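File shown here: upload.txt, holding compact mmCIF, C-alpha atoms and all ligand atoms.
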```
# COMPACT_ATOMS: atom_id res chain seq x y z
CA MET D 1 -10.51 -8.45 -11.60
CA THR D 2 -13.93 -6.88 -11.34
CA LEU D 3 -13.73 -3.58 -13.16
CA PRO D 4 -16.58 -1.11 -12.76
CA LEU D 5 -17.38 -0.69 -16.47
CA SER D 6 -17.70 -3.58 -18.89
CA SER D 7 -15.11 -3.78 -21.65
CA GLU D 8 -17.95 -4.45 -24.13
CA PHE D 9 -19.52 -1.13 -23.22
CA ILE D 10 -16.23 0.72 -23.87
CA ALA D 11 -15.68 -1.22 -27.11
CA GLU D 12 -19.18 -0.34 -28.32
CA ALA D 13 -18.66 3.33 -27.57
CA ASN D 14 -15.30 3.19 -29.36
CA ALA D 15 -16.77 1.52 -32.43
CA ARG D 16 -18.56 4.77 -33.30
CA GLU D 17 -15.35 6.83 -33.07
CA ILE D 18 -12.55 4.58 -34.16
CA GLU D 19 -12.66 5.28 -37.89
CA ALA D 20 -12.29 9.03 -37.41
CA LEU D 21 -9.49 8.49 -34.90
CA ASP D 22 -7.61 6.22 -37.28
CA GLU D 23 -7.92 8.82 -40.03
CA ASP D 24 -6.65 11.60 -37.77
CA TYR D 25 -3.83 9.42 -36.47
CA ALA D 26 -2.75 8.49 -40.00
CA ALA D 27 -2.82 12.14 -41.12
CA LEU D 28 -0.79 13.23 -38.11
CA GLY D 29 1.62 10.36 -38.72
CA ARG D 30 2.21 11.60 -42.28
CA LYS D 31 2.70 15.17 -41.08
CA LEU D 32 5.18 14.15 -38.40
CA SER D 33 7.12 11.86 -40.73
CA ARG D 34 7.88 14.86 -42.94
CA THR D 35 10.05 16.13 -40.07
CA GLY D 36 11.55 12.72 -39.39
CA ILE D 37 9.34 11.84 -36.42
CA ASP D 38 7.99 8.31 -36.14
CA ILE D 39 4.51 8.62 -34.67
CA GLU D 40 4.57 5.01 -33.46
CA ALA D 41 7.66 5.70 -31.35
CA ILE D 42 5.96 8.73 -29.77
CA LYS D 43 2.83 6.68 -29.14
CA ASP D 44 4.90 3.97 -27.41
CA ARG D 45 6.39 6.58 -25.06
CA VAL D 46 2.92 7.94 -24.36
CA SER D 47 1.68 4.39 -23.61
CA GLY D 48 4.39 4.10 -20.97
CA PHE D 49 3.37 7.33 -19.26
CA SER D 50 1.12 7.44 -16.23
CA VAL D 51 0.04 9.85 -13.54
CA ALA D 52 -1.39 9.01 -10.12
CA VAL D 53 -4.73 10.37 -8.97
CA PRO D 54 -5.31 11.62 -5.42
CA SER D 55 -7.89 9.78 -3.33
CA TRP D 56 -9.00 13.15 -1.98
CA GLY D 57 -9.63 14.41 -5.50
CA ALA D 58 -12.36 11.81 -6.04
CA GLY D 59 -14.74 13.71 -3.78
CA ARG D 60 -16.02 17.21 -4.50
CA GLY D 61 -13.69 19.80 -3.02
CA GLY D 62 -14.70 23.12 -1.62
CA THR D 63 -13.44 26.49 -0.56
CA ARG D 64 -13.20 28.07 2.88
CA PHE D 65 -16.76 29.19 2.31
CA ALA D 66 -18.65 26.14 1.21
CA LYS D 67 -18.66 22.76 -0.36
CA PHE D 68 -21.41 21.73 -2.74
CA PRO D 69 -21.61 17.95 -2.85
CA ILE D 70 -23.10 16.06 -5.79
CA PRO D 71 -25.33 13.01 -5.64
CA GLY D 72 -23.33 9.83 -5.98
CA GLU D 73 -20.11 11.33 -4.64
CA PRO D 74 -17.84 8.82 -2.86
CA THR D 75 -17.78 9.09 0.92
CA ASN D 76 -15.02 6.63 1.82
CA ILE D 77 -11.82 5.16 0.39
CA HIS D 78 -13.65 2.12 -1.00
CA GLU D 79 -15.99 4.24 -3.09
CA LYS D 80 -13.10 6.53 -4.02
CA LEU D 81 -11.15 3.54 -5.33
CA GLU D 82 -14.15 2.52 -7.41
CA ASP D 83 -14.27 5.98 -8.99
CA CYS D 84 -10.50 5.97 -9.56
CA ALA D 85 -10.93 2.60 -11.30
CA VAL D 86 -13.44 4.20 -13.67
CA ILE D 87 -10.94 6.97 -14.44
CA ASN D 88 -8.24 4.42 -15.16
CA GLN D 89 -10.48 2.16 -17.19
CA LEU D 90 -11.39 4.99 -19.52
CA SER D 91 -8.04 6.81 -19.61
CA ARG D 92 -5.54 3.95 -19.06
CA MET D 93 -3.15 6.60 -17.76
CA THR D 94 -3.97 6.60 -14.04
CA PRO D 95 -3.25 3.14 -12.63
CA ARG D 96 -2.22 4.38 -9.17
CA VAL D 97 -3.97 6.20 -6.34
CA SER D 98 -2.21 8.44 -3.85
CA PRO D 99 -3.85 8.05 -0.43
CA HIS D 100 -4.00 10.63 2.38
CA PHE D 101 -3.99 9.71 6.08
CA PRO D 102 -5.92 9.73 8.28
CA TRP D 103 -8.58 10.56 5.69
CA ASP D 104 -8.26 7.11 4.10
CA LYS D 105 -7.76 5.17 7.32
CA VAL D 106 -9.09 1.57 7.37
CA SER D 107 -8.54 -1.34 9.75
CA ASP D 108 -7.01 -3.73 7.20
CA TYR D 109 -4.51 -2.33 4.70
CA VAL D 110 -3.63 -5.69 3.21
CA ALA D 111 -7.30 -6.08 2.29
CA LEU D 112 -7.36 -2.51 0.93
CA ARG D 113 -4.43 -3.28 -1.32
CA GLU D 114 -6.19 -6.39 -2.62
CA GLU D 115 -9.35 -4.40 -3.14
CA ALA D 116 -7.41 -1.85 -5.22
CA GLU D 117 -5.71 -4.62 -7.19
CA SER D 118 -9.06 -6.18 -8.00
CA LEU D 119 -10.01 -2.80 -9.48
CA GLY D 120 -6.82 -2.70 -11.56
CA LEU D 121 -5.18 -0.13 -9.27
CA GLY D 122 -2.06 0.19 -7.14
CA PHE D 123 -1.04 2.78 -4.57
CA ASP D 124 1.29 5.70 -5.11
CA ALA D 125 2.88 8.04 -2.54
CA VAL D 126 1.25 8.12 0.89
CA ASN D 127 0.47 11.60 2.16
CA SER D 128 0.58 12.49 5.83
CA ASN D 129 -1.71 15.09 7.35
CA THR D 130 -0.47 17.20 10.24
CA PHE D 131 -2.31 20.31 9.15
CA GLN D 132 -5.62 19.39 10.80
CA ASP D 133 -6.57 18.13 14.22
CA GLN D 134 -8.41 14.83 14.37
CA PRO D 135 -11.02 13.85 16.94
CA GLY D 136 -9.37 12.45 20.05
CA GLN D 137 -5.90 13.64 19.09
CA ALA D 138 -3.65 14.30 22.13
CA TYR D 139 -1.89 17.49 20.97
CA SER D 140 -3.17 20.21 18.69
CA TYR D 141 -1.41 21.27 15.51
CA SER D 142 -2.47 24.85 16.17
CA THR D 143 1.19 25.58 17.00
CA GLY D 144 2.43 23.78 13.88
CA SER D 145 3.52 20.16 13.52
CA LEU D 146 7.09 19.13 12.65
CA SER D 147 8.24 22.65 13.57
CA SER D 148 6.00 23.21 16.60
CA THR D 149 7.57 24.73 19.70
CA VAL D 150 5.74 22.05 21.69
CA ASP D 151 7.92 18.93 21.93
CA ALA D 152 5.01 16.54 22.33
CA THR D 153 3.29 17.98 19.24
CA ARG D 154 6.44 17.51 17.19
CA GLN D 155 6.73 13.93 18.42
CA GLN D 156 3.11 13.29 17.57
CA ALA D 157 3.71 14.60 14.02
CA VAL D 158 6.81 12.40 13.68
CA ALA D 159 4.88 9.37 14.90
CA HIS D 160 2.05 10.07 12.43
CA ASN D 161 4.48 10.25 9.52
CA ILE D 162 6.11 6.99 10.60
CA GLU D 163 2.67 5.40 10.82
CA CYS D 164 2.04 6.58 7.25
CA ILE D 165 5.23 4.83 6.14
CA GLU D 166 4.08 1.64 7.84
CA ILE D 167 0.68 1.86 6.17
CA GLY D 168 2.38 2.63 2.85
CA GLU D 169 4.52 -0.49 3.15
CA LYS D 170 1.38 -2.59 3.42
CA LEU D 171 -0.12 -0.78 0.45
CA GLY D 172 2.93 -1.20 -1.77
CA SER D 173 3.90 2.49 -1.81
CA ARG D 174 7.49 3.68 -1.83
CA ASP D 175 7.18 7.41 -1.29
CA LEU D 176 6.03 9.47 1.65
CA THR D 177 4.89 12.97 0.70
CA VAL D 178 5.20 15.45 3.52
CA TRP D 179 3.48 18.78 3.31
CA VAL D 180 3.20 20.79 6.51
CA GLY D 181 1.16 23.95 6.88
CA ASP D 182 3.54 25.17 9.59
CA GLY D 183 4.26 28.87 9.64
CA THR D 184 3.15 32.14 11.14
CA ASN D 185 0.53 34.81 10.59
CA PHE D 186 2.31 37.70 12.31
CA PRO D 187 5.79 39.17 12.14
CA GLY D 188 7.59 38.18 15.30
CA GLN D 189 5.22 35.28 16.01
CA GLN D 190 8.06 32.79 15.72
CA ASP D 191 11.80 32.80 15.23
CA LEU D 192 12.17 32.15 11.50
CA ALA D 193 15.48 30.29 11.82
CA ARG D 194 14.67 28.21 14.85
CA SER D 195 11.37 26.97 13.43
CA LEU D 196 13.25 25.58 10.42
CA ASP D 197 15.74 23.99 12.79
CA ARG D 198 12.97 22.26 14.67
CA TYR D 199 11.44 21.10 11.37
CA LEU D 200 14.77 19.65 10.22
CA GLU D 201 15.33 17.83 13.47
CA ALA D 202 11.84 16.28 13.42
CA ALA D 203 11.96 15.52 9.68
CA ALA D 204 15.25 13.67 10.27
CA GLN D 205 13.43 11.34 12.64
CA VAL D 206 10.88 10.57 9.93
CA TYR D 207 13.68 10.13 7.40
CA ALA D 208 15.40 7.64 9.70
CA ALA D 209 12.29 5.45 9.58
CA LEU D 210 12.24 5.23 5.75
CA PRO D 211 12.80 1.75 4.35
CA ASP D 212 15.80 1.48 1.99
CA ASN D 213 13.87 1.79 -1.25
CA TRP D 214 11.66 4.63 -0.03
CA ARG D 215 11.83 8.34 -0.68
CA MET D 216 10.58 11.25 1.37
CA LEU D 217 9.08 13.91 -0.89
CA LEU D 218 9.13 17.37 0.64
CA GLU D 219 6.38 19.60 -0.69
CA HIS D 220 6.86 23.33 -0.39
CA LYS D 221 4.07 25.91 -0.51
CA MET D 222 4.42 29.65 -0.42
CA PHE D 223 1.51 30.47 1.89
CA GLU D 224 -1.78 29.18 3.27
CA PRO D 225 -2.70 28.31 5.98
CA ALA D 226 0.12 30.55 7.27
CA PHE D 227 -0.09 34.02 5.73
CA TYR D 228 3.05 35.74 6.98
CA SER D 229 5.73 33.05 6.79
CA THR D 230 5.74 29.36 5.99
CA VAL D 231 8.49 27.03 7.18
CA ILE D 232 8.94 25.21 3.86
CA SER D 233 7.74 28.04 1.68
CA ASP D 234 9.68 27.63 -1.55
CA TRP D 235 11.96 25.39 -3.56
CA GLY D 236 14.98 26.95 -1.86
CA SER D 237 13.83 25.90 1.60
CA SER D 238 12.78 22.55 0.17
CA ILE D 239 16.11 21.73 -1.47
CA LEU D 240 18.05 22.89 1.60
CA ALA D 241 15.94 20.59 3.77
CA ALA D 242 16.30 17.72 1.28
CA GLN D 243 20.08 18.23 1.21
CA GLU D 244 20.26 18.23 5.00
CA LEU D 245 18.21 15.06 5.14
CA ARG D 246 20.37 13.37 2.47
CA PRO D 247 19.70 11.15 -0.56
CA LYS D 248 16.28 9.68 0.05
CA ALA D 249 14.78 13.13 0.56
CA LYS D 250 13.64 14.84 -2.65
CA CYS D 251 11.56 17.86 -3.52
CA LEU D 252 8.00 17.71 -4.75
CA VAL D 253 6.73 20.52 -6.93
CA ASP D 254 3.05 21.33 -6.63
CA LEU D 255 2.41 23.65 -9.55
CA GLY D 256 0.05 25.83 -7.50
CA HIS D 257 2.46 26.46 -4.64
CA HIS D 258 4.50 29.33 -6.04
CA ALA D 259 4.27 33.07 -6.29
CA PRO D 260 2.35 34.21 -9.40
CA ASN D 261 4.45 34.18 -12.57
CA VAL D 262 7.34 32.27 -11.02
CA ASN D 263 9.30 30.33 -13.62
CA ILE D 264 8.38 26.83 -12.48
CA GLU D 265 10.12 25.09 -15.37
CA GLN D 266 13.38 26.66 -14.25
CA ILE D 267 12.78 25.36 -10.72
CA VAL D 268 12.27 21.90 -12.22
CA ALA D 269 15.56 22.15 -14.12
CA ARG D 270 17.43 23.32 -11.02
CA LEU D 271 16.04 20.61 -8.76
CA HIS D 272 17.00 18.00 -11.31
CA LEU D 273 20.50 19.44 -11.70
CA PHE D 274 21.10 18.77 -8.03
CA GLY D 275 19.44 15.33 -8.05
CA LYS D 276 16.56 16.49 -5.92
CA LEU D 277 13.56 16.37 -8.24
CA GLY D 278 11.23 13.91 -6.54
CA GLY D 279 7.81 14.50 -8.00
CA PHE D 280 4.89 16.66 -8.97
CA HIS D 281 1.45 17.60 -7.91
CA PHE D 282 -0.18 18.69 -11.13
CA ASN D 283 -2.91 21.30 -11.10
CA ASP D 284 -3.33 24.81 -12.42
CA SER D 285 -3.57 28.16 -10.77
CA LYS D 286 -4.73 31.66 -11.51
CA TYR D 287 -4.15 33.47 -8.21
CA GLY D 288 -2.69 31.15 -5.57
CA ASP D 289 -3.04 27.51 -4.59
CA ASP D 290 -6.27 27.36 -6.54
CA ASP D 291 -6.05 23.62 -7.31
CA LEU D 292 -7.73 24.16 -10.68
CA ASP D 293 -7.67 21.47 -13.34
CA SER D 294 -4.29 20.80 -14.95
CA GLY D 295 -3.74 22.82 -18.08
CA SER D 296 -7.00 24.75 -17.70
CA ILE D 297 -5.31 28.12 -17.16
CA ASN D 298 -1.78 27.86 -18.49
CA PRO D 299 -1.25 24.78 -20.65
CA HIS D 300 1.88 26.35 -22.10
CA GLN D 301 3.55 26.34 -18.70
CA LEU D 302 2.66 22.68 -18.31
CA PHE D 303 4.27 22.00 -21.68
CA LEU D 304 7.41 23.90 -20.65
CA VAL D 305 7.59 21.85 -17.45
CA PHE D 306 7.43 18.66 -19.52
CA ASN D 307 10.01 20.05 -21.87
CA GLU D 308 12.39 20.26 -18.90
CA LEU D 309 11.42 16.76 -17.84
CA VAL D 310 12.25 15.35 -21.26
CA GLU D 311 15.58 17.22 -21.14
CA ALA D 312 16.17 15.87 -17.63
CA GLU D 313 15.54 12.34 -18.79
CA LEU D 314 18.19 12.74 -21.47
CA HIS D 315 20.67 13.93 -18.83
CA PRO D 316 19.92 11.89 -15.73
CA ARG D 317 21.91 13.26 -12.80
CA ASP D 318 21.10 11.29 -9.73
CA GLY D 319 18.64 8.98 -11.43
CA PHE D 320 15.44 10.31 -12.93
CA ASP D 321 12.26 8.91 -11.48
CA PRO D 322 9.82 11.65 -10.57
CA ALA D 323 6.46 10.68 -9.09
CA TYR D 324 3.67 12.24 -11.14
CA MET D 325 0.46 12.97 -9.30
CA ILE D 326 -2.62 15.08 -9.82
CA ASP D 327 -3.53 17.31 -6.84
CA GLN D 328 -6.70 19.24 -7.58
CA SER D 329 -9.82 20.37 -5.83
CA HIS D 330 -12.89 19.76 -7.94
CA ASN D 331 -15.33 22.28 -6.58
CA VAL D 332 -17.72 22.73 -9.49
CA THR D 333 -17.28 19.65 -11.68
CA ASP D 334 -17.79 15.93 -11.39
CA PRO D 335 -14.35 14.88 -10.03
CA ILE D 336 -14.17 11.90 -12.38
CA GLU D 337 -14.65 14.20 -15.37
CA SER D 338 -12.04 16.63 -14.09
CA MET D 339 -9.48 13.91 -13.59
CA LEU D 340 -10.19 12.37 -17.00
CA SER D 341 -9.73 15.75 -18.63
CA SER D 342 -6.65 16.55 -16.53
CA ALA D 343 -4.94 13.21 -17.19
CA GLU D 344 -5.47 13.91 -20.88
CA ALA D 345 -4.09 17.47 -20.63
CA ILE D 346 -1.01 16.26 -18.74
CA THR D 347 -0.33 13.41 -21.15
CA GLN D 348 -0.77 15.70 -24.14
CA CYS D 349 1.85 18.08 -22.74
CA PHE D 350 4.21 15.15 -22.28
CA ALA D 351 3.56 14.07 -25.89
CA LYS D 352 4.20 17.60 -27.18
CA ALA D 353 7.46 17.76 -25.24
CA LEU D 354 8.52 14.51 -26.93
CA LEU D 355 7.98 16.16 -30.32
CA VAL D 356 10.52 18.93 -29.69
CA ASP D 357 13.37 18.68 -32.18
CA ARG D 358 16.09 18.56 -29.51
CA GLU D 359 18.92 18.72 -32.02
CA ALA D 360 17.51 21.88 -33.56
CA LEU D 361 16.82 23.32 -30.13
CA HIS D 362 20.32 22.65 -28.81
CA ALA D 363 21.96 23.87 -32.00
CA ALA D 364 19.97 27.10 -31.87
CA GLN D 365 20.84 27.53 -28.20
CA ASP D 366 24.53 27.01 -28.90
CA ALA D 367 24.41 29.47 -31.80
CA ASN D 368 22.48 32.00 -29.71
CA ASP D 369 19.74 31.90 -32.32
CA THR D 370 16.94 32.95 -30.03
CA MET D 371 14.11 32.85 -32.55
CA MET D 372 14.94 29.37 -33.86
CA ALA D 373 15.36 28.04 -30.32
CA PHE D 374 11.94 29.40 -29.45
CA GLN D 375 10.48 28.02 -32.70
CA ALA D 376 11.76 24.55 -31.88
CA LEU D 377 9.50 24.64 -28.83
CA ARG D 378 6.67 26.44 -30.59
CA ARG D 379 6.50 23.93 -33.45
CA ALA D 380 6.00 21.08 -30.98
CA TYR D 381 3.53 23.02 -28.86
CA ASN D 382 1.41 23.80 -31.90
CA VAL D 383 0.90 20.15 -32.86
CA ASP D 384 -2.49 18.71 -31.91
CA VAL D 385 -1.35 15.46 -30.31
CA ALA D 386 -4.84 14.34 -29.28
CA PRO D 387 -4.89 11.44 -31.80
CA ILE D 388 -1.62 10.04 -30.36
CA VAL D 389 -2.90 10.09 -26.80
CA ALA D 390 -6.27 8.66 -27.83
CA LYS D 391 -4.69 5.90 -29.88
CA ALA D 392 -2.38 4.88 -27.01
CA ARG D 393 -5.37 4.83 -24.69
CA VAL D 394 -7.56 2.75 -27.01
CA GLU D 395 -4.81 0.21 -27.61
CA ALA D 396 -4.66 -0.27 -23.84
CA GLY D 397 -8.42 -0.82 -23.64
CA GLY D 398 -9.47 2.76 -22.84
CA ALA D 399 -12.02 5.00 -24.51
CA VAL D 400 -11.56 7.14 -27.61
CA ASP D 401 -13.68 9.89 -26.09
CA VAL D 402 -13.25 9.57 -22.33
CA LEU D 403 -15.82 12.14 -21.29
CA ALA D 404 -18.58 11.08 -23.68
CA THR D 405 -18.09 7.44 -22.74
CA TYR D 406 -18.14 8.30 -19.03
CA ARG D 407 -21.39 10.21 -19.42
CA ALA D 408 -22.91 7.43 -21.50
CA SER D 409 -22.10 4.97 -18.69
CA ARG D 410 -24.37 6.94 -16.34
CA TRP D 411 -21.93 6.00 -13.57
CA ARG D 412 -22.69 8.97 -11.35
CA GLU D 413 -26.44 8.58 -11.70
CA ARG D 414 -26.17 4.91 -10.81
CA LYS D 415 -23.98 5.64 -7.80
CA ALA D 416 -26.43 8.31 -6.65
CA GLN D 417 -28.95 5.49 -6.14
CA GLU D 418 -26.49 3.40 -4.12
CA ARG D 419 -24.24 5.70 -2.11
CA ASN D 420 -24.94 7.61 1.09
CA PRO D 421 -25.21 11.36 0.56
CA VAL D 422 -22.21 13.47 1.63
CA GLY D 423 -22.72 15.88 4.54
CA LEU D 424 -22.32 19.61 4.02
CA GLY D 425 -19.40 21.60 5.43
CA ALA D 426 -16.26 23.19 4.11
CA GLY D 427 -14.15 21.12 1.73
CA ILE D 428 -10.46 20.60 1.38
CA VAL D 429 -8.67 23.63 0.03
C1 LIG D 501 -2.09 21.17 0.26
C2 LIG D 501 -1.02 20.43 -0.51
C3 LIG D 501 -1.01 18.97 -0.24
C4 LIG D 501 -2.38 18.36 -0.16
C5 LIG D 501 -3.32 19.19 0.69
C6 LIG D 501 -4.71 18.63 0.72
O1 LIG D 501 -2.26 22.46 -0.23
O2 LIG D 501 -1.17 20.67 -1.87
O3 LIG D 501 -0.31 18.28 -1.25
O4 LIG D 501 -2.18 17.14 0.47
O5 LIG D 501 -3.34 20.51 0.22
MN MN D 502 -0.08 19.31 -3.25
MN MN D 503 -1.97 22.63 -2.46
```

Would it be possible to restate this file's structure as structure tokens?
Ligand code: RM4
Ligand code: MN
Ligand code: MN
Amino acid sequence: MTLPLSSEFIAEANAREIEALDEDYAALGRKLSRTGIDIEAIKDRVSGFSVAVPSWGAGRGGTRFAKFPIPGEPTNIHEKLEDCAVINQLSRMTPRVSPHFPWDKVSDYVALREEAESLGLGFDAVNSNTFQDQPGQAYSYSTGSLSSTVDATRQQAVAHNIECIEIGEKLGSRDLTVWVGDGTNFPGQQDLARSLDRYLEAAAQVYAALPDNWRMLLEHKMFEPAFYSTVISDWGSSILAAQELRPKAKCLVDLGHHAPNVNIEQIVARLHLFGKLGGFHFNDSKYGDDDLDSGSINPHQLFLVFNELVEAELHPRDGFDPAYMIDQSHNVTDPIESMLSSAEAITQCFAKALLVDREALHAAQDANDTMMAFQALRRAYNVDVAPIVAKARVEAGGAVDVLATYRASRWRERKAQERNPVGLGAGIV
């Protein structure tokens, strides 16, 4: 393995911080033991947790208006993998990359998999893209993709998804994430029922091409690019489609894809109840699909989502194996820094959810003791779990202070000397 940062460099940076971390960890351990919680057991669960990073998140994102690239930004999948390896080396929580096609297209996927492995990485869900036209493409997605009224366009979208599965098999993936932007901008533009019918029929063809151990993750999104109606707009449409398609189809919850103030944790609980919770795209949102950094706006909601996930794990319905992925657009930060900080925020919410006194919570729920039920959650949420997450990370070879160590490595500055500059133009929204 040829990792981008040297382990000596990380160890040296850690040497300055380790004493304080050990003190904080010991103090937290004593505090938790007073309520019967073994900090080591929590740390072991945290060590086993991981979240995939999106290849597209390694570059600077943009809005409809502009994209402002930074020097040293990656311009291809090889450079993106290198940056993802840095994130994983420092955080030890992001060992897999979720690729997007055709953005990450290469001629040799076996070689790409080896390249990733040599960087300590594997591949997570493959994402298809039928929301943009590509140069030389036979049929336009301007009429939609899997739900298009144009037969040939639908077939092209099906074929692209099947190609993504084939690529994913070479990369070692086992999930295909399908998000389509299909929908309408005007009342009357399309028949709302028949467009879903067409989607289901085309999605079934993709489903039929899934290898046995694969899943098809259906990602819903309320609006954008369609602003009047979207074919798979909400978890209701998503679960109906997943039920029609049968067991290998599951629902993927992108936290930014709901109406403001929707109770996402309840959606998570419902999807799990019916065995259809397939995975997550973590991000945060203030107004719409803002793709802001996880936990930057509403960390409490993220905690409540993890609270449901911990509950779900205790009551597995149809198995419990959600794919965890970050899906963010880093418009104003160094993407590596955003993903380091996001991976930490996500893992901290998981750790807090593990601290919930489930017995007390369930007893209070059964006794209709609202305040004590709420306090069971609040007590866990209020704990600063940073030392647990940091300790788990350091034991795995990561950094105590991921951001400071990243900056000290001068990675971006070094890459700015080596890499080709990114062109201007709008980014991914
Ligand atoms: C969409 C959705 C998809 C992502 C694209 C880039 O809004 O979140 O998951 O692949 O953006
Ligand atoms: Mn997404
Ligand atoms: Mn999105």

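With all atoms listed in the file as the atoms that count, the set of residues no farther than 8 Å from ligand LIG 501 (chain D) is Trp56, His100, Asn127, Ser128, Asn129, Thr177, Val178, Trp179, Gly181, Glu219, Lys221, Glu224, Asp254, Gly256, His257, His281, Asp289, Asp291, Asp327, Ile428 and Val429 of chain D.
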
Correct to one decimal, the distance atom CA of Ala226 of chain D-atom CA of Phe274 of chain D is 28.5 Å

Residues of segment 69-104 of chain D that have any atom at most 10 Å from an atom of segment 338-342 of chain D: could you tabulate them with the shortest-distance atom pair and the distance in Å to one decimal, using all atoms listed in the file, ordered by chain and increasing number, as CSV?
```
residue,atom,partner,partner_atom,distance
D:Cys84,CA,D:Met339,CA,9.0
D:Val86,CA,D:Leu340,CA,9.4
D:Ile87,CA,D:Leu340,CA,6.0
D:Asn88,CA,D:Leu340,CA,8.4
D:Leu90,CA,D:Leu340,CA,7.9
D:Ser91,CA,D:Leu340,CA,6.5
D:Arg92,CA,D:Leu340,CA,9.8
D:Met93,CA,D:Leu340,CA,9.1
D:Thr94,CA,D:Leu340,CA,9.0
```

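Here atom CA of Tyr287 of chain D and atom CA of Asn261 of chain D stand 9.7 Å from one another.
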
Please provide the set of residues having any atom within 6 Å of Ala373 of chain D, restricted to all atoms listed in the file, with same-chain residues fewer than 3 positions apart removed, written as a list in words. Leu361, Ala364, Gln365, Thr370 and Ala376 of chain D

Output file for the selection above: C-alpha atoms, as a compact mmCIF listing (two decimals), in the coordinates of the input:
```txt
# COMPACT_ATOMS: atom_id res chain seq x y z
CA LEU D 361 16.82 23.32 -30.13
CA ALA D 364 19.97 27.10 -31.87
CA GLN D 365 20.84 27.53 -28.20
CA THR D 370 16.94 32.95 -30.03
CA ALA D 376 11.76 24.55 -31.88
```

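With distances restricted to only C-alpha atoms and all ligand atoms, D:Asn283 is the closest residue to ligand MN 502 (chain D) from D:Thr333, D:Thr149, D:Ser173, D:Asn283.
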
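Take atom CA of Tyr199 of chain D and atom CA of His160 of chain D: the distance between them is 14.5 Å.
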
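Distance check against ligand MN 502 (chain D) using all atoms listed in the file: of D:Lys248, D:His300, D:Arg414, D:His220, the minimum falls on D:His220.
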
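For the residues D:Ala396, D:Ser195, D:Val158, D:Leu240, ranking by smallest atom-to-atom distance to Thr143 of chain D using only C-alpha atoms places D:Ser195 first.
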
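Counting only C-alpha atoms and comparing D:Ser47, D:Arg154, D:Arg412, D:Phe227, the residue that lies closest to Phe186 of chain D is D:Phe227.
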
Determine, using all atoms listed in the file, which residues of segment 313-420 of chain D have any atom at most 12 Å from an atom of segment 211-215 of chain D, and tabulate each with its shortest atom pair and distance in Å to one decimal place, rows ordered by chain and then rising number, as a tab-separated table.
```
residue	atom	partner	partner_atom	distance
D:Asp321	CA	D:Arg215	CA	10.8
D:Pro322	CA	D:Arg215	CA	10.6
D:Ala323	CA	D:Arg215	CA	10.2
```

Grab the residues selected above and save them as a short mmCIF file (atom, residue, chain, number, x, y, z; two decimals), in the frame of the given file with C-alpha atoms.
```cif
data_model
loop_
_atom_site.label_atom_id
_atom_site.label_comp_id
_atom_site.auth_asym_id
_atom_site.auth_seq_id
_atom_site.Cartn_x
_atom_site.Cartn_y
_atom_site.Cartn_z
CA ASP D 321 12.26 8.91 -11.48
CA PRO D 322 9.82 11.65 -10.57
CA ALA D 323 6.46 10.68 -9.09
#
```
